[in-house]
>>> print(open('work_15.csv').read())   # CSV, C-alpha atoms
chain,number,residue,atom,x,y,z
A,1,MET,CA,-30.9,58.5,-6.8
A,2,LEU,CA,-31.6,55.0,-8.1
A,3,GLY,CA,-34.9,54.5,-10.0
A,4,GLY,CA,-36.3,57.7,-8.5
A,5,MET,CA,-35.5,56.4,-4.9
A,6,ARG,CA,-32.8,57.8,-2.6
A,7,MET,CA,-30.6,55.0,-1.4
A,8,THR,CA,-28.3,55.4,1.6
A,9,GLN,CA,-26.5,52.2,0.6
A,10,ARG,CA,-25.9,50.7,-2.8
A,11,PRO,CA,-27.6,47.2,-2.8
A,12,THR,CA,-25.3,44.2,-2.6
A,13,LEU,CA,-25.4,42.1,-5.7
A,14,VAL,CA,-25.8,38.4,-4.7
A,15,ALA,CA,-25.3,36.2,-7.7
A,16,VAL,CA,-27.2,32.9,-7.2
A,17,ALA,CA,-26.0,29.8,-8.9
A,18,HIS,CA,-27.7,26.4,-8.9
A,19,GLY,CA,-24.7,24.4,-7.6
A,20,SER,CA,-23.3,21.2,-9.1
A,21,ARG,CA,-21.4,18.0,-8.1
A,22,ASP,CA,-19.1,18.6,-11.1
A,23,PRO,CA,-15.9,20.1,-9.8
A,24,ARG,CA,-15.5,22.4,-12.8
A,25,ALA,CA,-18.7,24.2,-12.0
A,26,LEU,CA,-17.7,26.2,-9.0
A,27,PRO,CA,-14.5,27.7,-10.6
A,28,ALA,CA,-16.5,28.7,-13.6
A,29,VAL,CA,-19.1,30.5,-11.5
A,30,ARG,CA,-16.5,32.2,-9.4
A,31,ALA,CA,-14.8,33.4,-12.6
A,32,LEU,CA,-18.0,34.9,-13.7
A,33,VAL,CA,-18.5,36.6,-10.4
A,34,GLU,CA,-15.0,38.0,-10.5
A,35,ARG,CA,-15.6,39.4,-14.0
A,36,VAL,CA,-18.8,41.1,-12.6
A,37,ARG,CA,-16.7,42.6,-9.8
A,38,GLY,CA,-14.1,43.8,-12.2
A,39,ALA,CA,-16.7,45.5,-14.5
A,40,ARG,CA,-18.1,47.6,-11.6
A,41,PRO,CA,-15.5,48.4,-9.0
A,42,GLY,CA,-16.9,49.4,-5.6
A,43,LEU,CA,-20.0,47.3,-5.9
A,44,GLU,CA,-20.2,44.6,-3.3
A,45,VAL,CA,-20.8,41.3,-5.2
A,46,ARG,CA,-21.3,38.0,-3.4
A,47,LEU,CA,-22.1,34.4,-4.4
A,48,GLY,CA,-24.6,32.0,-3.1
A,49,HIS,CA,-25.9,28.6,-4.3
A,50,VAL,CA,-29.3,27.0,-4.2
A,51,GLU,CA,-27.7,23.6,-3.4
A,52,LEU,CA,-24.7,21.3,-3.7
A,53,ASP,CA,-21.9,24.0,-3.6
A,54,GLU,CA,-20.8,26.5,-1.0
A,55,PRO,CA,-21.5,29.1,0.0
A,56,LEU,CA,-25.2,28.3,0.1
A,57,LEU,CA,-27.6,31.2,-0.4
A,58,ASP,CA,-28.9,31.1,3.2
A,59,ASP,CA,-25.3,31.4,4.5
A,60,THR,CA,-24.5,34.3,2.1
A,61,LEU,CA,-27.6,36.2,3.2
A,62,ALA,CA,-26.7,35.6,6.8
A,63,ALA,CA,-23.6,37.7,6.3
A,64,VAL,CA,-25.3,40.6,4.5
A,65,ARG,CA,-27.0,43.6,6.0
A,66,GLY,CA,-29.0,46.2,4.1
A,67,PRO,CA,-30.5,46.1,0.6
A,68,VAL,CA,-29.7,43.2,-1.7
A,69,VAL,CA,-30.5,42.2,-5.2
A,70,LEU,CA,-30.5,38.5,-5.9
A,71,VAL,CA,-29.4,37.9,-9.5
A,72,PRO,CA,-30.1,34.3,-10.6
A,73,LEU,CA,-27.4,32.9,-12.7
A,74,LEU,CA,-30.2,30.8,-14.2
A,75,LEU,CA,-31.4,31.1,-17.8
A,76,GLY,CA,-35.2,31.1,-17.5
A,77,ARG,CA,-38.2,31.3,-15.2
A,78,GLY,CA,-38.6,28.1,-13.1
A,79,TYR,CA,-39.1,26.8,-9.6
A,80,HIS,CA,-35.8,28.2,-8.2
A,81,VAL,CA,-36.5,31.8,-9.5
A,82,LYS,CA,-40.2,31.8,-8.7
A,83,HIS,CA,-40.1,30.0,-5.3
A,84,ASP,CA,-36.7,29.2,-3.8
A,85,LEU,CA,-35.2,32.7,-4.1
A,86,PRO,CA,-38.1,34.7,-2.8
A,87,ALA,CA,-38.4,32.2,0.1
A,88,ALA,CA,-34.7,32.7,0.9
A,89,LEU,CA,-35.4,36.5,1.2
A,90,ALA,CA,-38.5,36.0,3.2
A,91,ALA,CA,-36.4,33.9,5.7
A,92,ALA,CA,-33.9,36.8,6.0
A,93,PRO,CA,-35.8,39.6,7.7
A,94,TRP,CA,-32.6,41.6,8.3
A,95,VAL,CA,-32.3,42.4,4.5
A,96,THR,CA,-34.5,44.3,2.2
A,97,GLY,CA,-34.3,42.7,-1.2
A,98,VAL,CA,-35.6,41.8,-4.6
A,99,VAL,CA,-35.1,38.9,-7.0
A,100,ALA,CA,-34.0,40.0,-10.4
A,101,ALA,CA,-35.2,38.4,-13.6
A,102,PRO,CA,-33.3,35.3,-14.7
A,103,LEU,CA,-30.6,35.9,-17.3
A,104,GLY,CA,-32.6,34.6,-20.2
A,105,PRO,CA,-33.9,35.4,-22.6
A,106,HIS,CA,-31.6,38.2,-23.8
A,107,ARG,CA,-29.6,39.1,-26.9
A,108,LEU,CA,-26.4,39.1,-24.8
A,109,LEU,CA,-26.9,35.3,-24.3
A,110,ALA,CA,-27.1,34.9,-28.1
A,111,GLU,CA,-23.8,36.8,-28.4
A,112,ALA,CA,-22.2,34.5,-25.8
A,113,LEU,CA,-23.6,31.4,-27.4
A,114,HIS,CA,-22.3,32.5,-30.8
A,115,ASP,CA,-18.8,33.1,-29.5
A,116,ARG,CA,-18.8,29.7,-27.8
A,117,LEU,CA,-19.8,28.1,-31.0
A,118,ARG,CA,-17.1,29.9,-33.0
A,119,ALA,CA,-14.5,28.8,-30.4
A,120,ALA,CA,-15.7,25.2,-30.9
A,121,GLY,CA,-15.2,25.4,-34.7
A,122,TRP,CA,-18.5,26.9,-36.0
A,123,SER,CA,-18.1,28.1,-39.6
A,124,ARG,CA,-20.2,28.9,-42.6
A,125,ALA,CA,-20.4,25.2,-43.2
A,126,GLY,CA,-22.7,25.0,-40.2
A,127,GLN,CA,-26.3,24.3,-41.2
A,128,ALA,CA,-28.2,24.2,-37.9
A,129,VAL,CA,-27.8,24.3,-34.2
A,130,VAL,CA,-29.4,22.3,-31.4
A,131,MET,CA,-29.4,24.6,-28.3
A,132,ALA,CA,-29.2,22.2,-25.3
A,133,ALA,CA,-30.8,23.4,-22.0
A,134,ALA,CA,-31.4,21.8,-18.7
A,135,GLY,CA,-35.2,21.6,-19.0
A,136,SER,CA,-38.1,22.4,-16.7
A,137,ARG,CA,-41.7,21.4,-16.3
A,138,ASP,CA,-42.6,25.1,-16.1
A,139,PRO,CA,-43.9,26.2,-19.5
A,140,GLU,CA,-42.6,29.8,-18.9
A,141,SER,CA,-39.1,28.3,-18.7
A,142,ALA,CA,-39.5,26.5,-22.1
A,143,ALA,CA,-40.8,29.8,-23.5
A,144,ASP,CA,-37.7,31.6,-22.3
A,145,THR,CA,-35.5,29.0,-23.9
A,146,ALA,CA,-37.3,29.1,-27.2
A,147,ARG,CA,-36.9,32.9,-27.2
A,148,THR,CA,-33.2,32.7,-26.8
A,149,ALA,CA,-33.0,30.0,-29.5
A,150,ALA,CA,-34.9,32.4,-31.8
A,151,LEU,CA,-32.4,35.2,-31.0
A,152,LEU,CA,-29.5,32.9,-31.8
A,153,ALA,CA,-31.1,31.8,-35.0
A,154,GLU,CA,-31.5,35.4,-36.0
A,155,ARG,CA,-27.9,36.0,-35.3
A,156,LEU,CA,-26.6,32.9,-37.1
A,157,GLY,CA,-29.0,32.8,-40.0
A,158,VAL,CA,-29.6,29.1,-39.6
A,159,PRO,CA,-32.3,27.0,-37.7
A,160,VAL,CA,-31.8,26.7,-34.0
A,161,VAL,CA,-33.8,24.1,-32.2
A,162,PRO,CA,-34.1,24.0,-28.4
A,163,ALA,CA,-33.5,20.6,-26.7
A,164,TYR,CA,-33.4,19.5,-23.1
A,165,ALA,CA,-31.4,17.3,-20.8
A,166,SER,CA,-34.4,16.5,-18.6
A,167,ALA,CA,-38.1,17.3,-17.8
A,168,ALA,CA,-39.0,18.4,-21.3
A,169,ALA,CA,-38.8,17.3,-25.0
A,170,PRO,CA,-37.1,17.0,-27.4
A,171,SER,CA,-33.8,15.6,-26.2
A,172,VAL,CA,-30.7,16.5,-28.2
A,173,PRO,CA,-30.7,13.2,-30.2
A,174,GLU,CA,-34.4,13.8,-31.0
A,175,ALA,CA,-33.7,17.3,-32.1
A,176,VAL,CA,-30.8,16.2,-34.3
A,177,ALA,CA,-33.0,13.5,-35.9
A,178,ALA,CA,-35.8,16.0,-36.6
A,179,LEU,CA,-33.3,18.4,-38.3
A,180,ALA,CA,-31.9,15.5,-40.3
A,181,GLY,CA,-35.4,14.6,-41.4
A,182,ARG,CA,-35.7,18.1,-42.8
A,183,GLY,CA,-32.6,17.5,-44.9
A,184,VAL,CA,-30.0,19.0,-42.7
A,185,ALA,CA,-26.7,17.1,-42.8
A,186,ARG,CA,-25.9,15.5,-39.5
A,187,ASP,CA,-22.3,16.4,-39.7
A,188,ARG,CA,-23.1,20.0,-39.9
A,189,ILE,CA,-25.4,20.2,-36.8
A,190,ALA,CA,-23.7,21.8,-33.8
A,191,VAL,CA,-24.8,21.7,-30.2
A,192,ALA,CA,-24.8,25.0,-28.3
A,193,SER,CA,-24.4,24.6,-24.5
A,194,TYR,CA,-27.1,26.7,-22.9
A,195,PHE,CA,-25.7,26.2,-19.4
A,196,THR,CA,-24.1,28.8,-17.1
A,197,ALA,CA,-21.4,26.3,-16.0
A,198,PRO,CA,-20.1,22.8,-16.7
A,199,GLY,CA,-22.1,20.0,-15.1
A,200,ARG,CA,-23.7,16.6,-15.7
A,201,PHE,CA,-26.4,17.9,-18.1
A,202,ALA,CA,-23.9,19.9,-20.1
A,203,THR,CA,-21.6,16.9,-20.5
A,204,HIS,CA,-24.4,14.6,-21.4
A,205,THR,CA,-25.9,16.9,-24.1
A,206,ALA,CA,-22.4,17.6,-25.6
A,207,ALA,CA,-21.8,13.9,-25.9
A,208,ALA,CA,-24.8,13.7,-28.3
A,209,ALA,CA,-23.4,16.2,-30.7
A,210,PRO,CA,-23.0,14.8,-34.2
A,211,TRP,CA,-20.5,17.5,-35.1
A,212,ILE,CA,-19.1,20.2,-32.7
A,213,ALA,CA,-20.3,21.0,-29.2
A,214,ALA,CA,-19.7,24.4,-27.7
A,215,ALA,CA,-18.6,25.0,-24.1
A,216,PRO,CA,-21.0,26.4,-21.5
A,217,LEU,CA,-21.4,30.1,-21.2
A,218,GLY,CA,-19.2,30.5,-18.1
A,219,ALA,CA,-17.4,33.8,-17.6
A,220,HIS,CA,-18.0,35.2,-21.1
A,221,PRO,CA,-17.9,39.0,-21.0
A,222,ALA,CA,-21.5,39.2,-22.2
A,223,MET,CA,-22.6,37.2,-19.2
A,224,ALA,CA,-21.0,39.7,-16.8
A,225,ARG,CA,-22.7,42.6,-18.7
A,226,LEU,CA,-26.0,40.7,-18.5
A,227,VAL,CA,-25.7,40.1,-14.7
A,228,LEU,CA,-25.1,43.8,-14.1
A,229,HIS,CA,-28.0,44.7,-16.5
A,230,ARG,CA,-30.4,42.5,-14.4
A,231,TYR,CA,-29.0,44.0,-11.2
A,232,ASP,CA,-29.7,47.5,-12.5
A,233,GLU,CA,-33.2,46.6,-13.7
A,234,ALA,CA,-34.0,45.1,-10.3
A,235,THR,CA,-32.6,47.9,-8.2
A,236,ALA,CA,-35.5,50.1,-9.1
A,237,ALA,CA,-37.9,47.6,-7.5
A,238,LEU,CA,-36.4,47.8,-4.0
A,239,PRO,CA,-38.9,49.1,-1.5
A,240,ARG,CA,-38.5,52.7,-0.3
A,241,THR,CA,-38.4,51.5,3.4
A,242,GLY,CA,-37.8,48.3,5.3
A,243,SER,CA,-41.6,47.8,5.6
A,244,ARG,CA,-41.5,45.3,2.8
A,245,ARG,CA,-38.9,42.5,2.8
A,246,PHE,CA,-38.8,41.5,-0.8
A,247,ALA,CA,-40.4,42.0,-4.2
A,248,HIS,CA,-39.8,40.2,-7.4
A,249,ALA,CA,-38.4,42.1,-10.4
A,250,GLY,CA,-38.9,41.1,-14.0
>>> encode(input="work_15.csv", output="structure tokens")
Amino acid sequence: MLGGMRMTQRPTLVAVAHGSRDPRALPAVRALVERVRGARPGLEVRLGHVELDEPLLDDTLAAVRGPVVLVPLLLGRGYHVKHDLPAALAAAPWVTGVVAAPLGPHRLLAEALHDRLRAAGWSRAGQAVVMAAAGSRDPESAADTARTAALLAERLGVPVVPAYASAAAPSVPEAVAALAGRGVARDRIAVASYFTAPGRFATHTAAAAPWIAAAPLGAHPAMARLVLHRYDEATAALPRTGSRRFAHAG
């Protein structure tokens, strides 16, 4: 029984990445997917992309039959989660599926961000963090990013300010300037990379770091645990019969 519903087939987990022209992005996403597979042997786990990388989500869904859970490897609510992923399910009537909640916000992300900062050289000398994210015009996406920043601040015990590579303010340099204006030493302000994988935005924001810049989240073990957590949450939202093609979880 899953969520009080008898399932004849365990839903396929389709991890949905954005896609990037950066050649480092696809290996990073594949490594995360492999970690998810290793954490739950026997579960069918597939990868699809919204754009730019293969396999594209439509092609992945074309090869799947039965129930599916799309788990966005995205860090907040935005256009892809709210529109593109449900539209992809609606265009695949041979599957019964749900879209899970995006990965963020969640304490497991704060754990992964902390570890990436420590790997980059974070120490007790650190006075503040600028958490660099992609950015979105959707206010719910900004709220999700702010919540993760608050969770990271709670974990580190220092101010954590969200900043964005596009579509929202402040930028990383603006956030650094604001912290410096509050008396924080510039050479003790770190940049946390709130990106699932390397890419143009992650590279651009890291270059603006006045001190250390952490690597993207990638295949951190906490990320794999979070993907499976979102999968488990969403499984309960699958319809009892094939009469409904998709629902949105979270």
>>> residues_near_point(input="work_15.csv", point="(-26.7, 26.4, -19.7)", cutoff="7 Å", atoms="only C-alpha atoms", output="short mmCIF file (atom, residue, chain, number, x, y, z; two decimals) with C-alpha atoms, in the coordinates of the input")
data_model
loop_
_atom_site.label_atom_id
_atom_site.label_comp_id
_atom_site.auth_asym_id
_atom_site.auth_seq_id
_atom_site.Cartn_x
_atom_site.Cartn_y
_atom_site.Cartn_z
CA LEU A 75 -31.40 31.10 -17.80
CA ALA A 133 -30.80 23.40 -22.00
CA ALA A 134 -31.40 21.80 -18.70
CA SER A 193 -24.40 24.60 -24.50
CA TYR A 194 -27.10 26.70 -22.90
CA PHE A 195 -25.70 26.20 -19.40
CA THR A 196 -24.10 28.80 -17.10
CA ALA A 197 -21.40 26.30 -16.00
CA PRO A 216 -21.00 26.40 -21.50
CA LEU A 217 -21.40 30.10 -21.20
#
>>> residues_around(input="work_15.csv", residues="A:Leu43", least_positions_apart="2", cutoff="10 Å", atoms="only C-alpha atoms", output="PyMOL selection string")
chain A and resi 10-13+36-41+45-46
>>> residues_around(input="work_15.csv", residues="A:Val14", least_positions_apart="4", cutoff="7 Å", atoms="only C-alpha atoms", output="MDAnalysis selection string")
chainID A and resid 45:48 68:71
>>> atom_distance(input="work_15.csv", atom1="atom CA of A:Ala146", atom2="atom CA of A:Ala169")
12.1 Å
>>> closest_residue(input="work_15.csv", among="A:Ala132, A:Ala236, A:Met223, A:Ala153", to="A:Val29", atoms="all atoms listed in the file")
A:Met223
>>> atom_distance(input="work_15.csv", atom1="atom CA of A:Leu103", atom2="atom CA of A:Leu74")
6.0 Å
>>> closest_residue(input="work_15.csv", among="A:His106, A:His114, A:Asp144, A:Asp58", to="A:Leu89", atoms="all atoms listed in the file")
A:Asp58
>>> atom_distance(input="work_15.csv", atom1="atom CA of A:Glu34", atom2="atom CA of A:Ala15")
10.8 Å
>>> residues_around(input="work_15.csv", residues="stretch 185-187 of chain A", least_positions_apart="3", cutoff="7 Å", atoms="only C-alpha atoms", output="ChimeraX atom specification")
/A:180,210-211
>>> closest_residue(input="work_15.csv", among="A:Ala25, A:Ser166, A:Val161, A:His18", to="A:Leu179", atoms="all atoms listed in the file")
A:Val161
>>> residues_around(input="work_15.csv", residues="A:Ala213", least_positions_apart="5", cutoff="9 Å", atoms="only C-alpha atoms", output="PyMOL selection string")
chain A and resi 116-117+120-121+190-193+205-208
>>> residues_around(input="work_15.csv", residues="stretch 149-151 of chain A", least_positions_apart="4", cutoff="8 Å", atoms="all atoms listed in the file", output="list of chain:residue names")
A:His106, A:Arg107, A:Ala110, A:Met131, A:Thr145, A:Arg155, A:Val160, A:Val161, A:Pro162
>>> closest_residue(input="work_15.csv", among="A:Ile212, A:Pro86, A:Gly199, A:Asp138", to="A:Ala125", atoms="all atoms listed in the file")
A:Ile212
>>> closest_residue(input="work_15.csv", among="A:Ala112, A:Ala62, A:Leu73, A:Leu156", to="A:Trp94", atoms="all atoms listed in the file")
A:Ala62
>>> closest_residue(input="work_15.csv", among="A:Asp232, A:Ser136, A:Ala31, A:Leu152", to="A:Ala167", atoms="only C-alpha atoms")
A:Ser136
